[in-house]
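J.: Take this structure first; my questions come after.
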Amino acid sequence: MSPAPNTSDTLDQVKNITDQKYKYGFVTEIESDTAPKGLTEDTIRFISAKKNEPQWLLDWRLKAFRHWLTMKEPKWARVAYPPIDYQDAHYYSAPKSTPLKKSLDEVDPELLRTYEKLGIPIKEQELLAGVEPTIAVDAVFDSVSVATTFKAKLHEKGIIFCPISEAVQTHPELVKQYLGSVVPYSDNYFATLNSAVFTDGSFVYIPKGVRCPMELSTYFRINAANTGQFERTLIIADAGSYVSYLEGCTAPKRDENQLHAAVVELVAHDDAQIKYSTVQNWYPGDEHGVGGIYNFVTKRGACRGVNSKISWTQVETGSAITWKYPSCILQGDNSVGEFYSVAITNNYQQADTGTKMIHIGRNTRSTIVAKGISAGRAQSTYRGLVKIMPKAIGARNHTQCDSLLIGDKCGAHTVPYIESRNKSAKIEHEATTAKISEEQLFYCRQRGLTPEDAVSLIVNGFCREVLKELPMEFAVEAQKLVGISLEGSVG
Amino acid sequence: MTWLDTLRNTNRSRFAELGFPKTGQEAWRFTNLGALAGTPFQPAPPAFAKVAIETLPSVTPSHRLVFVNGFFCANVSASDILPEGVIAGGLAATLNQHPALIEAHLGKLAHDTNHAPQALNTAHIADGAVLYVPKGVRVARPIELVWIGTGANEPLSWHPRLLVVLEPGSEATLIEHHLSLDDGAATFANGVSELAVGAHARLHHYKVQRERNSAFHLSTVAGRLEQGAYYEGFLLTLGAKLSRNEIKLVLAGPGAEAKLSGAYLVRGQQLCDTTTLIDHATAHGSSQQLFKGVIDGAAQGVFQGKILVRPDAQKTNAHQLSRALLLSDDARIDAKPELEIHADDVKCSHGATTGDLDDDAMFYLRARGIDQDSARSLLIDAYVNEVIAEITFEPVREAFEALASAWRYAG
Amino acid sequence: MLEIVNLHASVGDRPILKGIDLSIKAGDVHAIMGPNGSGKSTLSYILAGRDGYTVTDGSVTYNGEDLLALPPERRAATGVFLAFQYPVEIPGVSNSTFLKTALNAVRRQRGESELDAIQFLKLARAKCKQLGMTDEMLKRAVNVGFSGGEKKRNDILQMALLDPKLTILDETDSGLDIDALRIVADGVNSLRGPNRAMLVITHYQRLLSYIVPDYVHVLAFGRIQRSGGKELALELEARGYAEFGVNEAA
């Protein structure tokens with residue numbers, strides 16, 4: 001457990017950037033290699049050819065695409081948006097300068113500047129003697145990975161950390177074995193679309209008994225206009241291994257909505273642990289609800305082995321619409337699933353997010369802590385499933401969902417599904433909804449805090465249970481975001 | 001009566017369009033009506049039971065109306081002296097005597113055109129019960145409704161309607177018994193109740209259902225609480241092969257208060273579904289819900305409870321708790337508590353738990369020399385009685401405790 | 001320092017204060033005593049600027065400035081400190097984060113330099129020690145799980161850090177045992193000085209044995225019924241509020 005930094009530091013940082021509400025909204029001027037608009041089998045062949053993929057993968061993509069054509073967009077979530085024209089977008093866009101980079105030195109300086117501006121370390125800075133690096137980064141720019149740091153250092157331990165398109169070339173047997181094994185190509189509308197058109201993403205393999213010595217991180221950036229981003233991430237933790245993985249996302253301010261439909265698959269074998277953290281800060285649209293990313297993501301982890309553990313932590317502040325349910329399939333006996341979530345919606349944002357915990361093995365345990373904050377005219381929904389299968393003797397779940405409302409035009413909703421088929425299983429679910437307390441606000445203001453700072457402080461406190469699960473680097477970022485995301489919500 | 005024919009006809013064609021709900025529909029995802037839809041039920045003809053009043057369950061001397069297969073049977077009913085202006089009788093008879101009253105209220109609260117069982121009931125309105133209490137009148141003693149199902153040879157269905165109108169400032173206690181006289185072919189009781197609770201009126205409403213193992217029991221309640229009104233409801237479910245109590249209460253006036261609780265004890269192949277919607281439509285409303293299930297054998301419990309707080313319903317206090325005790329390996333529970341909140345100055349919560357009896361408590365009792373079976377019985381009783389304690393009317397509380405306790409020995 | 005003239009105020013439609021006149025000079029300690037419902041807490045909330053209290057007439061001038069025109073955080077920055085009757089819990093926010101945020105917010109508004117984490121911690125620890133509080137209290141969430149005495153001490157710790165000019169103690173003695181009361185009173189007394197003023201609001205005389213006031217006022221029915229020296233408190237202790245038409249037998 002890493003200690004969260006002082007909220008007060010956060011507040012200072014919030015102040016420094018108050019006049020630029022979404023500070024990642026800039027566009028990088030770079031020449032791109034872009035597929036023509038539209039989605040046909042030719043688009044898929046184009047992507048596959050660009051990536052120089054083996055036939056089996058192209059076949060798999062085409063199978064997914066043909067299945068997708070028979071599917072309907074899901075309508076059950078509490079989100080509303082105009083129909084998406086899937087033909088009116090580019091499914092591939094890559095900076096021209098980096099077809100397949102060999103070393104970091106060859107990366108386009110314009111891209112390096114972009115990541116510098118975003119505060120993402122994609123240079124392997126000269127290390128001081130004796131100081132170990134704490135984080136390795138895979139940077140995904142539109143449809144391709146443009147840089148991956150510390151690959152060599154990780155390789156010493158047998159860890160594979162590279163773009164998935166590279167893994168297809170270098171470790172085809174692993175990709176073939178695991179791709180689609182947690183989220184099958186036919187899983188759901190957006191996952192199926194992703195299976196057909198995914199362009200890049202990260203691949204991680206931690207060998208038996210290895211504890212990954214640094215945080216692995218992927219930073220997703222949508223830059224090009226009218227482009228969807230469809231990344232695919234696959235993480236395999238072999239027996240007795242451990243990895244902590246971080247994911248961050250931003251996009252420029254644009255008036256049109258852009259689709260981001262990612263798939264993340266995690267596999268934990270016996271005694272392995274995967275900690276997956278996300279700070280999702282896609283462009284949320286402006287204060288009138290114009291623009292923003294549609295974030296329709298399928299994330300699922302399989303605890304295949306005994307005593308395995310998968311832990312999801314997410315801080316969702318961006319996107320016009322968020323539709324995601326990072327889930328755990330608890331197959332191995334004694335396996336553990338965790339879901340810690342903060343979802344902040346302001347203005348016209350909509351979030352329908354939660355988790356699924358499927359208990360299959362004996363003595364499997366899951367914990368869900370979800371904090372939703374709604375302000376402005378936003379709608380925030382927690383949707384979750386806890387399912388105990390007949391063989392899951394001794395299974396346990398504890399769920400806590402709390403919603404905080406700021407202002408009388410927003411909504412907060414809680415829709416848990418609890419299904420138990422085993423008498424020895426214990427499930428506890430609690431949910432509360434309340435507004436930000438008038439008393440707390442006054443108390444803070446009497447001690448000198450402005451209303452904005454008071455709200456930020458109280459909300460950070462409300463989210464603390466979740467924020468403390470984040471790795472240090474992300475905790476600071478997340479706390480800043482809490483303050484920024486709620487800007488203009490108190491008046 | 002033309003208005004009633006129109007109402008029936010509209011709903012008949014509506015049901016023809018809808019058919020029975022399927023599990024693909026969100027509101028019915030856990031409760032499969034396949035077996036019900038597949039049974040060739042015939043409408044039950046008016047029947048007359050040959051039962052002595054003494055053999056019927058009763059909690060206290062009261063005004064008692066007896067229905068057989070949905071039809072009012074005056075010959076076995078018992079009258080109490082009611083305050084002036086109070087009407088408590090069969091629907092068909094009241095329709096003849098007070099047509100304007102019935103026309104003013106029937107179908108006014110239960111009018112969801114997408115609700116198939118309700119449309120089916122309305123299409124077949126023939127008889128049922130009416131309780132009308134004029135302004136400011138307090139009916140001291142309870143009104144009892146005894147709904148008897150019978151029929152041995154062919155599957156019979158009936159669609160009783162209950163209409164309760166409490167004018168402002170009035171008060172009444174209503175007790176419903178649903179039971180089967182004998183065993184035999186499948187029965188299908190598809191009741192709809194409309195409860196209009198006027199400003200500052202108070203309605204206590206207790207129901208026990210212990211129909212036979214072949215019975216299907218659907219009940220749809222639509223209630224509306226005006227300003228400062230109070231509703232206390234309790235549902236005890238012991239019987240039927242498949243039962244669903246669906247209750248929708250609209251807190252339409254400011255300061256209305258609803259207390260809704262229940263216990264269900266099921267075993268064998270039984271399915272018991274409790275589906276509630278508390279609709280907080282205006283400010284300062286409060287609602288409390290507590291439901292507890294005991295599920296044995298291969299039985300299934302379903303709880304779906306939604307708290308809806310509309311944008312104007314500031315200062316709402318709404319709480320809900322659902323608990324389920326699974327006693328066997330094949331028992332199952334599906335729960336979906338739900339909060340939909342559109343106002344900020346509210347205090348809302350829900351909770352749900354499932355599990356077996358508390359190991360520590362079991363051990364404690366056994367360590368004090370109580371054998372395992374007795375300890376189990378004791379703990380189940382304690383668990384169920386905690387929710388039955390929500391009933392404020394003592395005779396009903398005692399009667400329901402006895403019924404719940406008897407359930408254990410019947411297994 | 002503080003001039004309250006003909007102050008009328010209501011909560012909703014209900015008038016609570018019906019013409020308060022009170023003048024407090026730097027260095028003075030004034031006590032306001034009164035029965036339940038007399039308007040004591042209303043007065044403290046109005047001085048601190050809580051929402052929901054409407055001033056219908058009169059004025060409050062603080063160091064020449066119209067106090068009522070300022071938002072609560074400005075009042076805090078200019079030195080108005082309210083010790084709450086019921087200090088508020090803020091789950092998830094550590095006491096030290098809260099104190100540092102508040103202190104730096106106030107310092108910023110006063111044009112003083114902000115303290116960094118090390119400077120702050122040093123200061124906070126020193127103040128804790130002075131008030132007989134452990135450092136561990138700095139790590140716990142604001143007032144969450146604190147005993148009544150700890151909450152009051154925590155408020156006094158905030159007071160010591162924020163260095164107020166006008167301190168309003170609202171029923172600070174409620175819920176305190178004699179030892180806690182003594183510690184709190186010592187904390188308050190250590191902050192007495194020629195440049196500071198205090199307004200001690202209390203129902204009972206008990207607190208005034210520890211924080212000895214220069215002046216005592218009796219508030220009942222929304223008005224100051226009588227003013228006098230510290231001996232007035234003892235008189236009230238002996239006779240109750242009956243002579244002001246208040247029946248406290250219940």
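Labels used: A, B, ... for chains in the order of the structure tokens, numbers from 1 for residues in each chain, and numbers from 1 for ligands as shown.
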Skipping near chain neighbours, those fewer than 6 positions away, what residues fall within 12 Å of Val309 in chain B using only C-alpha atoms, listed as a ChimeraX atom specification?
T.: /A:408,410-413,433-434 /B:250-252,277-287,315-319,338-349
J.: Let's have the selection written as an mmCIF file, in the first residue's frame, with C-alpha atoms.
T.:
```
data_model
loop_
_atom_site.group_PDB
_atom_site.id
_atom_site.type_symbol
_atom_site.label_atom_id
_atom_site.label_comp_id
_atom_site.auth_asym_id
_atom_site.auth_seq_id
_atom_site.Cartn_x
_atom_site.Cartn_y
_atom_site.Cartn_z
ATOM 1 C CA ASP A 408 -29.601 19.427 -8.418
ATOM 2 C CA CYS A 410 -27.291 15.624 -12.088
ATOM 3 C CA GLY A 411 -28.111 12.013 -11.371
ATOM 4 C CA ALA A 412 -26.475 9.090 -9.605
ATOM 5 C CA HIS A 413 -27.640 5.543 -10.053
ATOM 6 C CA THR A 433 -26.251 8.397 -2.076
ATOM 7 C CA ALA A 434 -25.981 11.813 -0.533
ATOM 8 C CA VAL B 250 -45.738 6.660 -5.687
ATOM 9 C CA LEU B 251 -45.032 9.167 -2.933
ATOM 10 C CA ALA B 252 -46.985 11.838 -4.747
ATOM 11 C CA LEU B 277 -40.512 0.413 -6.883
ATOM 12 C CA ILE B 278 -40.681 3.324 -4.490
ATOM 13 C CA ASP B 279 -41.181 6.418 -6.575
ATOM 14 C CA HIS B 280 -40.314 9.566 -4.648
ATOM 15 C CA ALA B 281 -42.058 12.191 -6.747
ATOM 16 C CA THR B 282 -42.046 15.117 -4.300
ATOM 17 C CA ALA B 283 -40.023 16.518 -1.465
ATOM 18 C CA HIS B 284 -39.676 15.399 2.147
ATOM 19 C CA GLY B 285 -40.804 11.850 1.511
ATOM 20 C CA SER B 286 -39.436 8.910 3.388
ATOM 21 C CA SER B 287 -39.414 5.209 2.680
ATOM 22 C CA LYS B 315 -34.981 16.052 1.279
ATOM 23 C CA THR B 316 -35.939 12.485 0.520
ATOM 24 C CA ASN B 317 -34.958 9.784 2.947
ATOM 25 C CA ALA B 318 -35.082 6.352 1.362
ATOM 26 C CA HIS B 319 -33.570 3.136 2.626
ATOM 27 C CA GLU B 338 -31.344 -0.322 -7.478
ATOM 28 C CA LEU B 339 -31.017 3.399 -6.800
ATOM 29 C CA GLU B 340 -31.973 5.985 -9.374
ATOM 30 C CA ILE B 341 -31.383 9.408 -7.909
ATOM 31 C CA HIS B 342 -32.090 12.705 -9.644
ATOM 32 C CA ALA B 343 -32.123 15.066 -6.650
ATOM 33 C CA ASP B 344 -29.082 16.048 -4.649
ATOM 34 C CA ASP B 345 -30.324 16.845 -1.184
ATOM 35 C CA VAL B 346 -31.254 13.291 -0.286
ATOM 36 C CA LYS B 347 -30.203 10.446 1.923
ATOM 37 C CA CYS B 348 -30.614 7.139 0.154
ATOM 38 C CA SER B 349 -29.134 3.746 0.716
#
```
J.: Give one line per residue of chain C that approaches chain A to at most 6 Å, naming the two atoms of the closest pair and their distance in Å to one decimal, counting only C-alpha atoms; sort by chain then ascending residue number and deliver it as a tab-separated table.
T.:
```
residue	atom	partner	partner_atom	distance
C:Pro72	CA	A:Gln446	CA	5.4
C:Glu73	CA	A:Gly448	CA	4.1
C:Ala76	CA	A:Gly448	CA	5.0
C:Ala77	CA	A:Gly448	CA	5.8
C:Pro91	CA	A:Gly461	CA	5.8
C:Gly92	CA	A:Gly461	CA	3.7
C:Val93	CA	A:Gly461	CA	4.6
C:Thr97	CA	A:Ser8	CA	5.8
C:Thr101	CA	A:Ser8	CA	5.2
C:Ala102	CA	A:Gly448	CA	5.5
C:Ala105	CA	A:Gly448	CA	5.8
C:Val106	CA	A:Gly448	CA	5.3
```
J.: Using only C-alpha atoms, which of the listed residues (B:Gln304, B:Gln42, B:Ser77, B:Asn245) sits closest to chain A?
T.: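 Smallest distance to chain A is found for B:Gln304.
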J.: Pull out every residue of chain A sitting within 8 Å of chain B, counting only C-alpha atoms, and send them as an MDAnalysis selection string.
T.: chainID A and resid 390 405:435
J.: Could you pull the residues within 10 Å of Val80 in chain C, counting only C-alpha atoms, minus those fewer than 4 positions along the same chain, as a PyMOL selection string?
T.: (chain A and resi 446-448) or (chain C and resi 47-48+62+67+72-76+159+162-168+197-198)
J.: Please identify all polymer residues within 7 Å of Val267 in chain A, counting only C-alpha atoms, omitting same-chain residues fewer than 3 positions from it, and present them as a PyMOL selection string.
T.: chain A and resi 235-237+301-304
J.: Those residues you just picked out, can you put them in a file as a JSON list (two decimals), in the first residue's frame with C-alpha atoms?
T.:
```json
[["chain", "number", "residue", "atom", "x", "y", "z"],
["A", 235, "ILE", "CA", -1.01, -9.20, -19.95],
["A", 236, "ILE", "CA", 0.04, -12.64, -18.83],
["A", 237, "ALA", "CA", 1.44, -13.25, -15.38],
["A", 301, "GLY", "CA", -9.08, -10.60, -16.09],
["A", 302, "ALA", "CA", -8.99, -14.34, -15.57],
["A", 303, "CYS", "CA", -7.62, -15.60, -12.29],
["A", 304, "ARG", "CA", -6.85, -19.00, -13.78]]
```
J.: Identify which of the residues A:Ala224, A:Asn281, A:Trp76, A:Lys176 lies closest to Gln25 in chain B, counting only C-alpha atoms when measuring atom-to-atom distances.
T.: A:Trp76
J.: For Leu43 in chain C, please output as a ChimeraX atom specification all residues within 12 Å (counting only C-alpha atoms; exclusion window: fewer than 2 positions along the same chain).
T.: /C:4,7-11,16-22,32-34,37-41,45-50,53-55,60,82,168-170,199-201,219-220,222-224
J.: Which residues come within 12 Å of Glu386 in chain B, counting only C-alpha atoms, excluding same-chain residues fewer than 4 positions away, as a PyMOL selection string?
T.: chain B and resi 261-263+290-293+323+379-382+390-391+397+400-401+404
J.: Could you give me, as a list of chain:residue names, the residues within 6 Å of range 138-155 of chain B, counting only C-alpha atoms and dropping anything in the same chain fewer than 2 positions from it?
T.: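 The residues that qualify are B:Phe41, B:Ser62, B:His63, B:Arg64, B:Leu65, B:Val66, B:Phe67, B:Val68, B:Asn69, B:Ser170, B:Glu171, B:Ala172, B:Thr173, B:Leu174, B:Ile175, B:Glu176, B:His177, B:His178, B:Leu179, B:Ser180, B:Leu181, B:Gly184, B:Ala185, B:Ala186, B:Thr187.
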J.: I need the residues in range 8-229 of chain C that are alpha helix (DSSP H) according to DSSP; give them as a ChimeraX atom specification.
T.: /C:40-48,72-77,95-109,117-130,136-139,148-162,178-190
